[in-house]
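Data block below; observations after.
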Amino acid sequence: MERPNRFTAFVRLRGEKTLCHVKNTGRCRELLTPGARVYCAKAENAARKTAWDVVTVEKEGRLFNLDSAAPNRAVKEWLALGDFLPEPAQCRPEAVYRDSRFDFYLETRTSGHYLEVKGVTLEEDGAALFPDAPTLRGLKHIEGLTACLKEGFGAHLLFVIQFEGARGFRPNTAAQPAFADALKRARTAGVQLRAMGCRVWPDGMELQKPVEVWL
């Protein structure tokens, strides 16, 4: 029905106007519009003021996952399949390197790798875009990954596209030109940039296949 702020939305749930928590603090202006069909999950904390979470929204017949925690969970499942690195790897979430914190650290018998994950919900002309608003944190992550390379670590930035049908991924130059420039410098330095499309259903998603990264 409406979104009074980034954290909540009023949803017509079972015929009643209900205040729900939005599990994505991004702008999502093109998704959370009045009249959009959304899917809600019961909150894990029964004592919370908002008893429901908005986790998925439908746009033009397709589902967009909004749960900001879902990309990391999906990536963890994908890493367990062993397709990311050729050797069996130990995986540690929330890994610190100097003054940076990355989503995963993976270690094989011969190498260590830092992996940062970014969830993507913005679409334009068939492409997935990130960020939807300027992000200083995102710039810091790129700088940190580049620094990892100098000490012999592998450095990876993975964009998880939280909807189906994206033809490719590109940085949102209109929102933050500096982020696009930083990605170009990082790739030149040796940071591995990847984007993965997902299969999405009302209460979940999983990584499906890579899509092209356009810089």
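Starting from 1 in every chain, residues are counted up; chains themselves are A, B, ... following the order of the structure tokens, and ligands are numbered from 1 as listed.
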
Ala182 (chain A) surroundings by only C-alpha atoms, 9 Å radius, close-in-sequence under 5 positions cut, as an MDAnalysis selection string: chainID A and resid 139 142:143 177 187

What's the 9 Å shell around region 191-197 of chain A, counting only C-alpha atoms, without same-chain residues fewer than 6 positions away, as a PyMOL selection string? chain A and resi 142+145-146+149+154-166+168-169+183+185+206-213

Emit the selected residues as a compact mmCIF listing (two decimals), in the first residue's frame, including N, CA, C and O atoms.
# COMPACT_ATOMS: atom_id res chain seq x y z
N ILE A 142 35.86 -2.52 -2.42
CA ILE A 142 36.68 -2.65 -3.63
C ILE A 142 38.13 -2.33 -3.32
O ILE A 142 39.05 -3.03 -3.77
N LEU A 145 39.65 -5.28 -1.38
CA LEU A 145 39.94 -6.43 -2.23
C LEU A 145 41.20 -6.21 -3.05
O LEU A 145 42.01 -7.13 -3.23
N THR A 146 41.37 -5.00 -3.56
CA THR A 146 42.58 -4.70 -4.33
C THR A 146 43.82 -4.83 -3.45
O THR A 146 44.86 -5.32 -3.89
N LEU A 149 45.24 -8.43 -3.00
CA LEU A 149 46.03 -8.98 -4.10
C LEU A 149 47.52 -8.78 -3.87
O LEU A 149 48.34 -9.63 -4.24
N GLY A 154 43.72 -14.31 -3.35
CA GLY A 154 42.74 -14.13 -4.40
C GLY A 154 41.67 -13.18 -3.91
O GLY A 154 41.31 -13.17 -2.74
N ALA A 155 41.15 -12.35 -4.81
CA ALA A 155 40.14 -11.34 -4.44
C ALA A 155 38.98 -11.44 -5.42
O ALA A 155 39.19 -11.38 -6.63
N HIS A 156 37.77 -11.57 -4.89
CA HIS A 156 36.60 -11.82 -5.72
C HIS A 156 35.43 -10.95 -5.27
O HIS A 156 35.16 -10.84 -4.07
N LEU A 157 34.74 -10.38 -6.23
CA LEU A 157 33.52 -9.60 -5.97
C LEU A 157 32.40 -10.23 -6.78
O LEU A 157 32.47 -10.30 -8.01
N LEU A 158 31.38 -10.70 -6.08
CA LEU A 158 30.29 -11.44 -6.71
C LEU A 158 28.99 -10.68 -6.55
O LEU A 158 28.56 -10.39 -5.43
N PHE A 159 28.36 -10.35 -7.67
CA PHE A 159 27.05 -9.69 -7.66
C PHE A 159 25.98 -10.76 -7.86
O PHE A 159 25.96 -11.45 -8.88
N VAL A 160 25.11 -10.89 -6.87
CA VAL A 160 24.03 -11.88 -6.91
C VAL A 160 22.76 -11.18 -7.35
O VAL A 160 22.24 -10.30 -6.65
N ILE A 161 22.25 -11.56 -8.51
CA ILE A 161 21.07 -10.92 -9.09
C ILE A 161 19.83 -11.60 -8.54
O ILE A 161 19.57 -12.77 -8.82
N GLN A 162 19.04 -10.85 -7.76
CA GLN A 162 17.94 -11.43 -7.01
C GLN A 162 16.64 -11.47 -7.80
O GLN A 162 15.56 -11.31 -7.25
N PHE A 163 16.76 -11.70 -9.10
CA PHE A 163 15.60 -11.89 -9.96
C PHE A 163 16.04 -12.66 -11.19
O PHE A 163 17.24 -12.81 -11.46
N GLU A 164 15.08 -13.15 -11.94
CA GLU A 164 15.38 -13.95 -13.13
C GLU A 164 15.32 -13.09 -14.38
O GLU A 164 14.63 -12.09 -14.44
N GLY A 165 16.06 -13.52 -15.40
CA GLY A 165 15.93 -12.92 -16.72
C GLY A 165 16.91 -11.82 -17.06
O GLY A 165 16.81 -11.22 -18.13
N ALA A 166 17.87 -11.51 -16.18
CA ALA A 166 18.84 -10.45 -16.49
C ALA A 166 19.79 -10.94 -17.59
O ALA A 166 20.32 -12.04 -17.53
N GLY A 168 22.60 -9.33 -18.33
CA GLY A 168 23.95 -9.02 -17.89
C GLY A 168 23.92 -8.09 -16.71
O GLY A 168 22.85 -7.65 -16.26
N PHE A 169 25.10 -7.79 -16.19
CA PHE A 169 25.23 -6.87 -15.07
C PHE A 169 26.11 -5.70 -15.47
O PHE A 169 27.11 -5.87 -16.17
N LEU A 183 35.38 -0.20 -10.06
CA LEU A 183 35.29 -1.56 -10.58
C LEU A 183 36.27 -1.77 -11.73
O LEU A 183 36.92 -2.83 -11.82
N ARG A 185 39.11 -0.20 -12.27
CA ARG A 185 40.48 -0.26 -11.73
C ARG A 185 40.73 -1.59 -11.03
O ARG A 185 41.81 -2.18 -11.15
N GLU A 206 17.96 -19.37 -5.31
CA GLU A 206 19.22 -20.10 -5.39
C GLU A 206 20.00 -19.63 -6.60
O GLU A 206 19.41 -19.22 -7.61
N LEU A 207 21.33 -19.65 -6.49
CA LEU A 207 22.16 -19.27 -7.62
C LEU A 207 21.98 -20.26 -8.75
O LEU A 207 21.90 -21.47 -8.53
N GLN A 208 21.89 -19.73 -9.97
CA GLN A 208 21.59 -20.58 -11.11
C GLN A 208 22.69 -20.60 -12.15
O GLN A 208 23.25 -21.64 -12.44
N LYS A 209 23.03 -19.44 -12.74
CA LYS A 209 24.05 -19.44 -13.77
C LYS A 209 24.69 -18.06 -13.86
O LYS A 209 24.09 -17.05 -13.49
N PRO A 210 25.93 -17.99 -14.36
CA PRO A 210 26.61 -16.70 -14.49
C PRO A 210 26.00 -15.86 -15.61
O PRO A 210 25.45 -16.39 -16.58
N VAL A 211 26.09 -14.56 -15.46
CA VAL A 211 25.71 -13.63 -16.52
C VAL A 211 26.92 -12.72 -16.79
O VAL A 211 27.84 -12.62 -15.97
N GLU A 212 26.93 -12.08 -17.94
CA GLU A 212 28.05 -11.25 -18.33
C GLU A 212 28.15 -10.00 -17.43
O GLU A 212 27.13 -9.46 -16.98
N VAL A 213 29.38 -9.56 -17.19
CA VAL A 213 29.65 -8.31 -16.49
C VAL A 213 30.10 -7.29 -17.51
O VAL A 213 31.10 -7.48 -18.19

Backbone DSSP call of helix (DSSP H, G or I) for region 53-196 of chain A, listed as a count of residues only: 39

Give me, as CSV, the closest atom pair and its distance (Å, one decimal) for every residue of region 74-189 of chain A within a cut-off of 8 Å of region 20-35 of chain A, counting only C-alpha atoms, rows sorted by chain and rising number.
residue,atom,partner,partner_atom,distance
A:Thr121,CA,A:Cys28,CA,7.4
A:Leu122,CA,A:Cys28,CA,7.2
A:Asp132,CA,A:Arg27,CA,6.8
A:Ala133,CA,A:Arg27,CA,7.5

Contacts of Lys42 (chain A) at 8 Å (only C-alpha atoms; same-chain gap of 2+ positions) as an NGL selection string: :A and (40 or 44 or 51-53)

Which parts of region 79-200 of chain A does DSSP call strand (DSSP E or B) when run on the backbone here, written out as a ChimeraX atom specification? /A:90-97,100-107,112-120,122-124,127-130,154-161,163,168-171,192-200

Determine the nearest neighbour of Arg170 (chain A) from the options A:Glu123, A:Glu16, A:Asp203, A:Glu151, counting only C-alpha atoms.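 Closest to Arg170 (chain A) of all the choices is A:Glu123.
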
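Those residues that approach Ala175 (chain A) to within 10 Å, counting only C-alpha atoms, are Leu129, Phe130, Pro131, Asp132, Ala133, Pro134, Thr135, Pro171, Asn172, Thr173, Pro177, Ala178, Phe179 and Ala180 of chain A; same-chain residues fewer than 2 positions away are not listed.
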